[in-house]
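The next block is coords_25.txt, given as compact mmCIF, C-alpha atoms and all ligand atoms.
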```txt
# COMPACT_ATOMS: atom_id res chain seq x y z
CA MET A 1108 88.82 101.49 61.47
CA SER A 1109 89.68 100.45 65.01
CA ARG A 1110 91.99 97.48 65.39
CA VAL A 1111 89.78 95.94 68.08
CA ARG A 1112 86.06 96.59 68.51
CA VAL A 1113 84.16 95.13 71.42
CA ARG A 1114 80.40 95.45 71.07
CA ASP A 1115 77.78 94.77 73.75
CA LEU A 1116 79.79 91.90 75.11
CA GLU A 1117 78.20 89.72 77.75
CA LYS A 1118 79.40 86.51 79.38
CA VAL A 1119 77.29 84.29 81.59
CA TYR A 1120 78.74 81.04 82.87
CA ASP A 1121 76.06 78.36 83.29
CA GLY A 1122 76.68 75.93 86.06
CA THR A 1123 74.62 74.86 89.02
CA GLN A 1124 74.34 78.61 89.44
CA GLU A 1125 74.54 81.20 86.65
CA ILE A 1126 77.45 83.60 87.01
CA GLN A 1127 77.40 86.77 84.95
CA ALA A 1128 81.04 87.76 84.49
CA PHE A 1129 80.02 91.03 82.78
CA SER A 1130 77.50 92.54 80.38
CA ALA A 1131 77.20 95.43 77.91
CA VAL A 1132 80.96 95.91 77.60
CA ASN A 1133 81.88 98.25 74.75
CA PHE A 1134 85.26 99.65 73.80
CA ASP A 1135 87.58 100.14 70.83
CA VAL A 1136 91.36 99.88 70.70
CA GLU A 1137 93.17 101.80 67.98
CA SER A 1138 96.06 100.38 66.01
CA GLY A 1139 99.29 100.75 67.99
CA GLU A 1140 97.47 101.71 71.17
CA PHE A 1141 98.51 100.31 74.57
CA VAL A 1142 95.40 99.72 76.67
CA CYS A 1143 95.37 98.35 80.22
CA LEU A 1144 92.33 96.71 81.74
CA VAL A 1145 92.26 96.96 85.53
CA GLY A 1146 89.88 95.68 88.14
CA PRO A 1147 89.71 93.51 91.24
CA SER A 1148 90.01 89.76 91.20
CA GLY A 1149 86.85 88.12 89.87
CA CYS A 1150 85.57 91.12 87.89
CA GLY A 1151 85.92 89.30 84.56
CA LYS A 1152 89.28 90.46 83.17
CA THR A 1153 90.54 87.01 82.22
CA THR A 1154 87.16 86.08 80.73
CA LEU A 1155 87.17 89.22 78.58
CA LEU A 1156 90.74 88.61 77.39
CA ARG A 1157 90.00 84.95 76.61
CA ILE A 1158 87.04 86.05 74.49
CA LEU A 1159 89.29 88.52 72.63
CA ALA A 1160 91.74 85.65 72.08
CA GLY A 1161 88.96 83.37 70.81
CA PHE A 1162 89.41 80.74 73.54
CA GLU A 1163 86.00 81.46 74.99
CA GLU A 1164 82.67 82.34 73.35
CA PRO A 1165 80.65 85.31 74.58
CA THR A 1166 77.02 84.77 75.59
CA SER A 1167 76.12 87.76 73.43
CA GLY A 1168 77.81 90.59 71.61
CA GLU A 1169 80.88 90.43 69.42
CA VAL A 1170 84.56 91.19 69.04
CA LEU A 1171 86.01 92.39 65.74
CA VAL A 1172 89.72 92.52 64.94
CA ASP A 1173 90.41 94.62 61.85
CA GLY A 1174 86.72 94.29 61.04
CA GLU A 1175 86.70 90.48 61.20
CA PRO A 1176 84.59 88.74 63.86
CA VAL A 1177 86.65 86.71 66.34
CA GLU A 1178 85.34 83.16 66.47
CA GLU A 1179 88.43 81.15 67.38
CA PRO A 1180 92.10 81.68 68.18
CA GLY A 1181 94.00 83.10 65.20
CA ILE A 1182 97.42 84.32 64.20
CA ASP A 1183 96.23 87.93 64.31
CA ARG A 1184 96.23 87.65 68.14
CA GLY A 1185 99.04 86.53 70.44
CA MET A 1186 98.45 85.74 74.10
CA VAL A 1187 100.70 85.79 77.17
CA PHE A 1188 99.32 84.14 80.30
CA GLN A 1189 99.96 84.80 83.97
CA GLU A 1190 101.20 81.32 84.70
CA TYR A 1191 104.30 80.30 82.88
CA SER A 1192 102.94 78.43 79.93
CA LEU A 1193 106.20 77.28 78.39
CA PHE A 1194 106.84 73.70 77.38
CA PRO A 1195 109.27 72.46 80.05
CA TRP A 1196 110.83 69.88 77.72
CA ARG A 1197 111.63 72.45 75.02
CA THR A 1198 114.54 74.89 75.04
CA VAL A 1199 114.06 78.67 74.81
CA GLU A 1200 114.69 78.49 71.08
CA GLU A 1201 112.22 75.62 70.62
CA ASN A 1202 109.56 77.34 72.74
CA VAL A 1203 109.77 80.51 70.64
CA ARG A 1204 109.81 78.46 67.44
CA PHE A 1205 106.64 76.76 68.60
CA GLY A 1206 104.86 80.12 68.32
CA LEU A 1207 105.50 80.20 64.57
CA ASP A 1208 102.74 79.35 62.15
CA ARG A 1209 104.88 76.40 60.99
CA PRO A 1210 106.92 75.39 64.07
CA ALA A 1211 108.67 72.54 62.23
CA CYS A 1212 110.01 74.81 59.51
CA GLU A 1213 113.80 75.07 59.63
CA CYS A 1214 114.22 77.53 56.76
CA ALA A 1215 116.66 80.40 57.14
CA ASP A 1216 113.84 82.96 57.46
CA CYS A 1217 112.13 81.15 60.33
CA THR A 1218 115.43 80.53 62.10
CA ALA A 1219 116.40 84.20 61.74
CA ARG A 1220 112.97 85.26 62.94
CA VAL A 1221 113.30 83.15 66.10
CA ALA A 1222 116.82 84.51 66.74
CA GLY A 1223 115.54 88.08 66.24
CA LEU A 1224 112.72 87.54 68.76
CA ILE A 1225 115.09 86.05 71.34
CA ASP A 1226 117.27 89.10 70.85
CA LEU A 1227 114.26 91.44 71.09
CA VAL A 1228 113.37 90.10 74.55
CA GLY A 1229 117.02 90.19 75.70
CA LEU A 1230 117.63 86.45 75.94
CA ASP A 1231 120.46 85.95 73.50
CA GLY A 1232 122.88 83.46 75.00
CA PHE A 1233 119.99 81.45 76.51
CA GLU A 1234 118.78 79.79 73.29
CA THR A 1235 119.52 76.27 74.52
CA ALA A 1236 118.42 76.76 78.15
CA TYR A 1237 115.36 74.92 79.48
CA PRO A 1238 112.57 76.75 81.34
CA LYS A 1239 113.60 75.22 84.69
CA GLU A 1240 116.97 76.97 84.34
CA LEU A 1241 115.31 80.39 83.93
CA SER A 1242 114.01 82.95 86.43
CA GLY A 1243 110.32 83.93 86.38
CA GLY A 1244 111.10 87.13 84.51
CA MET A 1245 113.09 85.25 81.87
CA LYS A 1246 110.27 82.76 81.38
CA GLN A 1247 107.83 85.58 80.71
CA ARG A 1248 110.28 87.09 78.21
CA VAL A 1249 110.22 83.77 76.38
CA ALA A 1250 106.40 83.79 76.50
CA VAL A 1251 106.36 87.29 74.97
CA ALA A 1252 108.76 86.20 72.20
CA ARG A 1253 106.62 83.16 71.48
CA ALA A 1254 103.43 85.25 71.33
CA LEU A 1255 105.11 87.65 68.88
CA ALA A 1256 106.39 84.85 66.64
CA VAL A 1257 103.50 85.02 64.15
CA ASP A 1258 103.69 88.80 64.13
CA PRO A 1259 100.15 89.19 65.51
CA ALA A 1260 98.28 92.46 65.07
CA VAL A 1261 97.26 92.39 68.72
CA LEU A 1262 99.15 91.21 71.79
CA LEU A 1263 96.90 90.11 74.67
CA MET A 1264 98.53 89.85 78.09
CA ASP A 1265 96.80 88.50 81.22
CA GLU A 1266 98.62 89.69 84.37
CA PRO A 1267 101.89 88.54 82.79
CA PHE A 1268 104.06 89.95 85.60
CA GLY A 1269 101.68 89.01 88.43
CA SER A 1270 103.94 86.38 89.98
CA ILE A 1271 107.17 88.33 89.61
CA ASP A 1272 108.98 90.27 92.35
CA ALA A 1273 108.59 94.05 92.32
CA ARG A 1274 112.05 95.00 91.06
CA THR A 1275 112.06 92.54 88.18
CA ARG A 1276 108.50 93.56 87.42
CA ASN A 1277 109.49 97.20 86.94
CA ARG A 1278 112.28 96.15 84.62
CA LEU A 1279 109.92 93.94 82.61
CA GLN A 1280 107.49 96.85 82.27
CA THR A 1281 110.26 99.04 80.83
CA GLU A 1282 111.29 96.25 78.46
CA LEU A 1283 107.71 95.72 77.33
CA LEU A 1284 107.35 99.43 76.53
CA ASP A 1285 110.54 99.17 74.51
CA ILE A 1286 109.21 96.15 72.61
CA TRP A 1287 105.92 97.96 72.03
CA ARG A 1288 107.78 100.98 70.62
CA ARG A 1289 109.95 98.83 68.39
CA THR A 1290 107.16 96.60 67.05
CA GLY A 1291 104.24 99.05 66.97
CA LYS A 1292 101.93 96.34 68.33
CA THR A 1293 98.46 96.98 69.66
CA ILE A 1294 98.47 95.74 73.26
CA VAL A 1295 95.65 94.86 75.65
CA PHE A 1296 97.24 94.24 79.03
CA VAL A 1297 95.28 93.02 82.06
CA THR A 1298 96.43 93.79 85.59
CA HIS A 1299 94.96 94.39 89.02
CA GLU A 1300 97.91 96.64 89.96
CA ILE A 1301 96.83 100.23 89.30
CA PRO A 1302 100.38 101.73 89.21
CA GLU A 1303 101.38 99.09 86.67
CA ALA A 1304 98.46 100.13 84.44
CA VAL A 1305 99.32 103.84 84.79
CA ALA A 1306 103.01 103.14 84.07
CA LEU A 1307 102.20 101.31 80.85
CA ALA A 1308 98.99 102.45 79.24
CA ASP A 1309 97.85 105.12 76.85
CA ARG A 1310 94.40 104.46 78.30
CA VAL A 1311 93.13 102.51 81.30
CA LEU A 1312 89.81 100.69 81.13
CA VAL A 1313 88.36 100.11 84.58
CA MET A 1314 86.20 97.08 85.40
CA ARG A 1315 84.37 96.64 88.67
CA ARG A 1316 82.53 93.71 90.15
CA ASP A 1317 78.76 94.12 90.48
CA SER A 1318 78.92 97.63 89.05
CA GLY A 1319 76.07 97.00 86.65
CA PRO A 1320 76.49 96.88 82.90
CA GLY A 1321 79.55 98.07 81.02
CA LEU A 1322 82.98 99.25 81.97
CA ALA A 1323 83.20 101.58 84.97
CA ALA A 1324 85.49 104.10 83.21
CA SER A 1325 87.99 104.77 80.47
CA ILE A 1326 90.81 107.05 81.63
CA ASP A 1327 93.34 108.64 79.26
CA ILE A 1328 96.77 108.71 80.88
CA GLU A 1329 98.41 111.31 78.63
CA LEU A 1330 101.85 111.31 80.27
CA GLU A 1331 105.17 111.27 78.46
CA ARG A 1332 107.22 108.09 78.74
CA PRO A 1333 109.36 107.12 80.58
CA ARG A 1334 107.04 107.86 83.47
CA SER A 1335 108.18 108.50 87.01
CA ARG A 1336 106.06 107.02 89.77
CA THR A 1337 106.91 109.93 92.03
CA ASP A 1338 105.68 112.51 89.53
CA PRO A 1339 102.55 114.21 91.01
CA ALA A 1340 100.79 113.77 87.66
CA PHE A 1341 101.45 110.01 87.91
CA THR A 1342 100.03 109.72 91.43
CA GLU A 1343 97.07 111.83 90.35
CA ARG A 1344 96.25 109.30 87.56
CA VAL A 1345 96.62 106.41 90.03
CA ALA A 1346 94.19 108.17 92.38
CA ALA A 1347 91.73 108.76 89.53
CA VAL A 1348 91.64 105.02 88.72
CA ARG A 1349 91.44 104.10 92.40
CA ASN A 1350 88.52 106.50 92.87
CA VAL A 1351 86.52 104.73 90.21
CA LEU A 1352 87.25 101.36 91.82
CA ASP A 1353 86.38 102.55 95.32
CA SER A 1354 83.23 104.48 94.44
P1 LIG B 1401 89.38 88.05 86.85
O1 LIG B 1401 90.34 87.62 85.78
O2 LIG B 1401 89.07 89.52 86.79
O3 LIG B 1401 89.85 87.66 88.22
P2 LIG B 1401 87.60 86.02 85.79
O4 LIG B 1401 87.32 86.38 84.37
O5 LIG B 1401 88.59 84.95 86.03
O6 LIG B 1401 87.97 87.34 86.60
O7 LIG B 1401 86.25 85.59 86.49
C1 LIG B 1401 85.06 86.38 86.43
C2 LIG B 1401 83.92 85.62 87.08
O8 LIG B 1401 83.59 84.49 86.30
C3 LIG B 1401 84.24 85.08 88.47
O9 LIG B 1401 83.07 85.16 89.25
C4 LIG B 1401 84.63 83.66 88.21
O10 LIG B 1401 84.38 82.86 89.33
C5 LIG B 1401 83.74 83.29 87.03
N1 LIG B 1401 84.35 82.28 86.16
C6 LIG B 1401 85.52 82.41 85.50
N2 LIG B 1401 85.77 81.32 84.75
C7 LIG B 1401 84.72 80.47 84.95
C8 LIG B 1401 84.36 79.17 84.45
N3 LIG B 1401 85.15 78.53 83.59
N4 LIG B 1401 83.20 78.63 84.87
C9 LIG B 1401 82.40 79.29 85.73
N5 LIG B 1401 82.66 80.51 86.22
C10 LIG B 1401 83.80 81.10 85.86
MG MG B 1402 92.24 86.81 85.89
```
Turn the structure described in the file into structure tokens.
Amino acid sequence: MSRVRVRDLEKVYDGTQEIQAFSAVNFDVESGEFVCLVGPSGCGKTTLLRILAGFEEPTSGEVLVDGEPVEEPGIDRGMVFQEYSLFPWRTVEENVRFGLDRPACECADCTARVAGLIDLVGLDGFETAYPKELSGGMKQRVAVARALAVDPAVLLMDEPFGSIDARTRNRLQTELLDIWRRTGKTIVFVTHEIPEAVALADRVLVMRRDSGPGLAASIDIELERPRSRTDPAFTERVAAVRNVLDS
């Protein structure tokens, strides 16, 4: 059974004017798979991810996680947003703790779990720092640790490195792959940067605006990791995704 199943998903926003974000979207994500969703701004990536998270209802169709229909946010799914979504008045440790099912719990297990997550994202030593004392990359590491706190089956990430400078971004990508390997999580990662998708994903799902129903393509990357951006096979995959977007 697939970890995530998306069936005939459609979203129409009703306002003064109806906006169809997408329709007839179908895909599966296997357990432990790293899938990137790419497409231009406005093509519906955030909407799709918010429906997977249970923050938004589809107009029609359904999402199943481990066979269960998604109707609301749940601890089987963790989300990392593009904007830093940390609580500014909480320390790193308190922000991560807030991701736990029972944030107020001070038992040894919960405390050890929080310490382990801070270590996993490379922030040991910063437990008592406040978000304003952290760089953008560090804040997103905290957001990843917080999303992992309940040990979700699926990690959903919406352009998490979008506001981060290129060098830090490459380092965060490497760290995320390391976390993925160590935790075995299923990841759905949204980006509009094609090389980022090719660097990370097992498979890239391509969304276009106004391309009619469904996803435009699903492209298997099939390259060993770590991947080199100068490898001809890498640039060939980037070109393949770009072709779909430009056609
Ligand atoms: P992306 O993340 O790919 O940039 P979005 O999912 O944010 O795309 O948006 C897809 C489309 O849906 C856009 O046309 C956007 O204007 C519209 N949209 C997104 N959120 C809302 C909303 N809350 N109300 C109305 N329209 C929305
Ligand atoms: Mg978006």
Can you tell me which residues surround segment 1115-1130 of chain A at a distance of at most 8 Å, considering all atoms listed in the file, apart from same-chain residues fewer than 5 positions away, and format the answer as a list in words?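 Surrounding residues, per the criterion: Gly1149, Cys1150, Gly1151, Thr1154, Pro1165, Thr1166, Ser1167, Gly1168, Glu1169, Val1170, Gly1319, Pro1320 and Gly1321 of chain A.
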Could you take the residues named above and write them with C-alpha atoms, as a short mmCIF file (atom, residue, chain, number, x, y, z; two decimals), in the coordinates of the input?
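What follows is the written file selection-v3.cif:
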```cif
data_model
loop_
_atom_site.label_atom_id
_atom_site.label_comp_id
_atom_site.auth_asym_id
_atom_site.auth_seq_id
_atom_site.Cartn_x
_atom_site.Cartn_y
_atom_site.Cartn_z
CA GLY A 1149 86.85 88.12 89.87
CA CYS A 1150 85.57 91.12 87.89
CA GLY A 1151 85.92 89.30 84.56
CA THR A 1154 87.16 86.08 80.73
CA PRO A 1165 80.65 85.31 74.58
CA THR A 1166 77.02 84.77 75.59
CA SER A 1167 76.12 87.76 73.43
CA GLY A 1168 77.81 90.59 71.61
CA GLU A 1169 80.88 90.43 69.42
CA VAL A 1170 84.56 91.19 69.04
CA GLY A 1319 76.07 97.00 86.65
CA PRO A 1320 76.49 96.88 82.90
CA GLY A 1321 79.55 98.07 81.02
#
```
Would you please work out which residue, of A:Thr1298, A:Ser1325, A:Thr1218, A:Ser1354, is nearest to ligand LIG 1401 (chain B) when using all atoms listed in the file?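 The shortest atom-to-atom distance to ligand LIG 1401 (chain B) comes from A:Thr1298.
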Could you check the closest approach to ligand LIG 1401 (chain B) for each of A:Asp1327, A:Glu1266, A:Asp1231, A:Glu1201 and tell me which residue wins, using only C-alpha atoms and all ligand atoms?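 Among A:Asp1327, A:Glu1266, A:Asp1231, A:Glu1201, it is A:Glu1266 that comes nearest to ligand LIG 1401 (chain B).
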Arg1253 of chain A: which residues within 6 Å, counting only C-alpha atoms, same-chain residues fewer than 2 positions away excluded, as a VMD selection string? chain A and resid 1203 1206 1250 to 1251 1255 to 1256
Could you work out how far atom CA of Leu1263 of chain A lies from atom CA of Arg1288 of chain A, giving the answer in Å with one decimal? 15.9 Å
Hey, which residues sit close to ligand MG 1402 (chain B)? Say within 12 Å, counting only C-alpha atoms and all ligand atoms, and write them as a PyMOL selection string. chain A and resi 1128+1144-1157+1188-1190+1264-1267+1269+1296-1299+1314
The selected residues should be written to file as a PDB file, in the frame of the given file (atoms: C-alpha atoms).
```pdb
ATOM      1  CA  ALA A1128      81.040  87.760  84.490  1.00  0.00           C
ATOM      2  CA  LEU A1144      92.330  96.710  81.740  1.00  0.00           C
ATOM      3  CA  VAL A1145      92.260  96.960  85.530  1.00  0.00           C
ATOM      4  CA  GLY A1146      89.880  95.680  88.140  1.00  0.00           C
ATOM      5  CA  PRO A1147      89.710  93.510  91.240  1.00  0.00           C
ATOM      6  CA  SER A1148      90.010  89.760  91.200  1.00  0.00           C
ATOM      7  CA  GLY A1149      86.850  88.120  89.870  1.00  0.00           C
ATOM      8  CA  CYS A1150      85.570  91.120  87.890  1.00  0.00           C
ATOM      9  CA  GLY A1151      85.920  89.300  84.560  1.00  0.00           C
ATOM     10  CA  LYS A1152      89.280  90.460  83.170  1.00  0.00           C
ATOM     11  CA  THR A1153      90.540  87.010  82.220  1.00  0.00           C
ATOM     12  CA  THR A1154      87.160  86.080  80.730  1.00  0.00           C
ATOM     13  CA  LEU A1155      87.170  89.220  78.580  1.00  0.00           C
ATOM     14  CA  LEU A1156      90.740  88.610  77.390  1.00  0.00           C
ATOM     15  CA  ARG A1157      90.000  84.950  76.610  1.00  0.00           C
ATOM     16  CA  PHE A1188      99.320  84.140  80.300  1.00  0.00           C
ATOM     17  CA  GLN A1189      99.960  84.800  83.970  1.00  0.00           C
ATOM     18  CA  GLU A1190     101.200  81.320  84.700  1.00  0.00           C
ATOM     19  CA  MET A1264      98.530  89.850  78.090  1.00  0.00           C
ATOM     20  CA  ASP A1265      96.800  88.500  81.220  1.00  0.00           C
ATOM     21  CA  GLU A1266      98.620  89.690  84.370  1.00  0.00           C
ATOM     22  CA  PRO A1267     101.890  88.540  82.790  1.00  0.00           C
ATOM     23  CA  GLY A1269     101.680  89.010  88.430  1.00  0.00           C
ATOM     24  CA  PHE A1296      97.240  94.240  79.030  1.00  0.00           C
ATOM     25  CA  VAL A1297      95.280  93.020  82.060  1.00  0.00           C
ATOM     26  CA  THR A1298      96.430  93.790  85.590  1.00  0.00           C
ATOM     27  CA  HIS A1299      94.960  94.390  89.020  1.00  0.00           C
ATOM     28  CA  MET A1314      86.200  97.080  85.400  1.00  0.00           C
TER      29      MET A1314
END
```
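Across the model, the gap from atom CA of Leu1312 of chain A to atom CA of Ala1324 of chain A is 5.9 Å.
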Using all atoms listed in the file for the distances, tell me which of A:Phe1162, A:Gln1247, A:Val1348, A:Gly1232 is nearest to ligand LIG 1401 (chain B).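 Counting all atoms listed in the file, the residue closest to ligand LIG 1401 (chain B) is A:Phe1162.
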Got a sec: who's within 7 Å of Val1305 of chain A, counting all atoms listed in the file, leaving out chain neighbours fewer than 4 positions off, as a PyMOL selection string? chain A and resi 1301+1328+1344-1345
Give the answer as one residue: which of A:Arg1332, A:Arg1316, A:Lys1239, A:Arg1248 has the shortest atom-to-atom distance to ligand LIG 1401 (chain B), using only C-alpha atoms and all ligand atoms?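 Residue with the minimum atom-to-atom distance to ligand LIG 1401 (chain B): A:Arg1316.
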How big is the axis-aligned box, and where does its centre sit, when it encloses all atoms of ligand LIG 1401 (chain B) listed in the file and has 6 Å added on every side, reported in Å to one decimal as JSON?
```
{"center_x": 86.4, "center_y": 84.0, "center_z": 86.5, "size_x": 19.9, "size_y": 23.0, "size_z": 17.7}
```
For ligand LIG 1401 (chain B), which of A:Arg1349, A:Ala1160, A:Arg1315, A:Gly1139 is the closest residue, counting all atoms listed in the file?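 Once distances to ligand LIG 1401 (chain B) are computed over all atoms listed in the file, the minimum belongs to A:Arg1315.
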Contacts of Asp1183 of chain A at 12 Å (all atoms listed in the file; same-chain gap of 6+ positions) as a VMD selection string: chain A and resid 1110 to 1111 1159 to 1161 1171 to 1177 1208 1254 to 1263 1292 to 1293
Which residue gives the smallest distance to ligand LIG 1401 (chain B) among A:Leu1193, A:Val1351, A:Val1136, A:Ile1158, with all atoms listed in the file counted? A:Ile1158
Contacts of Leu1330 of chain A at 10 Å (only C-alpha atoms; same-chain gap of 6+ positions) as a short mmCIF file (atom, residue, chain, number, x, y, z; two decimals) with C-alpha atoms, in the frame of the given file:
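Saved the output as result31.cif:
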```cif
data_model
loop_
_atom_site.label_atom_id
_atom_site.label_comp_id
_atom_site.auth_asym_id
_atom_site.auth_seq_id
_atom_site.Cartn_x
_atom_site.Cartn_y
_atom_site.Cartn_z
CA VAL A 1305 99.32 103.84 84.79
CA ALA A 1306 103.01 103.14 84.07
CA ALA A 1308 98.99 102.45 79.24
CA ASP A 1309 97.85 105.12 76.85
CA ALA A 1340 100.79 113.77 87.66
CA PHE A 1341 101.45 110.01 87.91
CA ARG A 1344 96.25 109.30 87.56
#
```
As an mmCIF file, keeping the file's coordinate frame, could you write out segment 1195-1206 of chain A once it has been completed with N, CA, C and O atoms?
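That gives us out_0.cif:
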```
data_model
loop_
_atom_site.group_PDB
_atom_site.id
_atom_site.type_symbol
_atom_site.label_atom_id
_atom_site.label_comp_id
_atom_site.auth_asym_id
_atom_site.auth_seq_id
_atom_site.Cartn_x
_atom_site.Cartn_y
_atom_site.Cartn_z
ATOM 1 N N PRO A 1195 108.068 72.663 79.243
ATOM 2 C CA PRO A 1195 109.270 72.460 80.050
ATOM 3 C C PRO A 1195 110.326 71.612 79.338
ATOM 4 O O PRO A 1195 111.511 71.739 79.630
ATOM 5 N N TRP A 1196 109.873 70.770 78.400
ATOM 6 C CA TRP A 1196 110.830 69.880 77.720
ATOM 7 C C TRP A 1196 111.411 70.511 76.465
ATOM 8 O O TRP A 1196 112.160 69.896 75.741
ATOM 9 N N ARG A 1197 111.055 71.755 76.183
ATOM 10 C CA ARG A 1197 111.630 72.450 75.020
ATOM 11 C C ARG A 1197 112.572 73.551 75.496
ATOM 12 O O ARG A 1197 112.304 74.198 76.512
ATOM 13 N N THR A 1198 113.620 73.804 74.720
ATOM 14 C CA THR A 1198 114.540 74.890 75.040
ATOM 15 C C THR A 1198 113.869 76.233 74.744
ATOM 16 O O THR A 1198 112.782 76.289 74.161
ATOM 17 N N VAL A 1199 114.544 77.314 75.116
ATOM 18 C CA VAL A 1199 114.060 78.670 74.810
ATOM 19 C C VAL A 1199 113.800 78.792 73.313
ATOM 20 O O VAL A 1199 112.726 79.218 72.875
ATOM 21 N N GLU A 1200 114.791 78.390 72.528
ATOM 22 C CA GLU A 1200 114.690 78.490 71.080
ATOM 23 C C GLU A 1200 113.495 77.697 70.552
ATOM 24 O O GLU A 1200 112.718 78.175 69.729
ATOM 25 N N GLU A 1201 113.324 76.482 71.084
ATOM 26 C CA GLU A 1201 112.220 75.620 70.620
ATOM 27 C C GLU A 1201 110.865 76.156 71.073
ATOM 28 O O GLU A 1201 109.873 76.039 70.347
ATOM 29 N N ASN A 1202 110.820 76.752 72.277
ATOM 30 C CA ASN A 1202 109.560 77.340 72.740
ATOM 31 C C ASN A 1202 109.144 78.499 71.844
ATOM 32 O O ASN A 1202 107.977 78.611 71.482
ATOM 33 N N VAL A 1203 110.100 79.356 71.490
ATOM 34 C CA VAL A 1203 109.770 80.510 70.640
ATOM 35 C C VAL A 1203 109.362 80.016 69.251
ATOM 36 O O VAL A 1203 108.372 80.459 68.681
ATOM 37 N N ARG A 1204 110.104 79.046 68.749
ATOM 38 C CA ARG A 1204 109.810 78.460 67.440
ATOM 39 C C ARG A 1204 108.406 77.880 67.395
ATOM 40 O O ARG A 1204 107.720 77.932 66.380
ATOM 41 N N PHE A 1205 107.965 77.360 68.551
ATOM 42 C CA PHE A 1205 106.640 76.760 68.600
ATOM 43 C C PHE A 1205 105.540 77.788 68.360
ATOM 44 O O PHE A 1205 104.425 77.443 67.973
ATOM 45 N N GLY A 1206 105.842 79.068 68.584
ATOM 46 C CA GLY A 1206 104.860 80.120 68.320
ATOM 47 C C GLY A 1206 104.668 80.381 66.838
ATOM 48 O O GLY A 1206 103.666 80.994 66.447
#
```
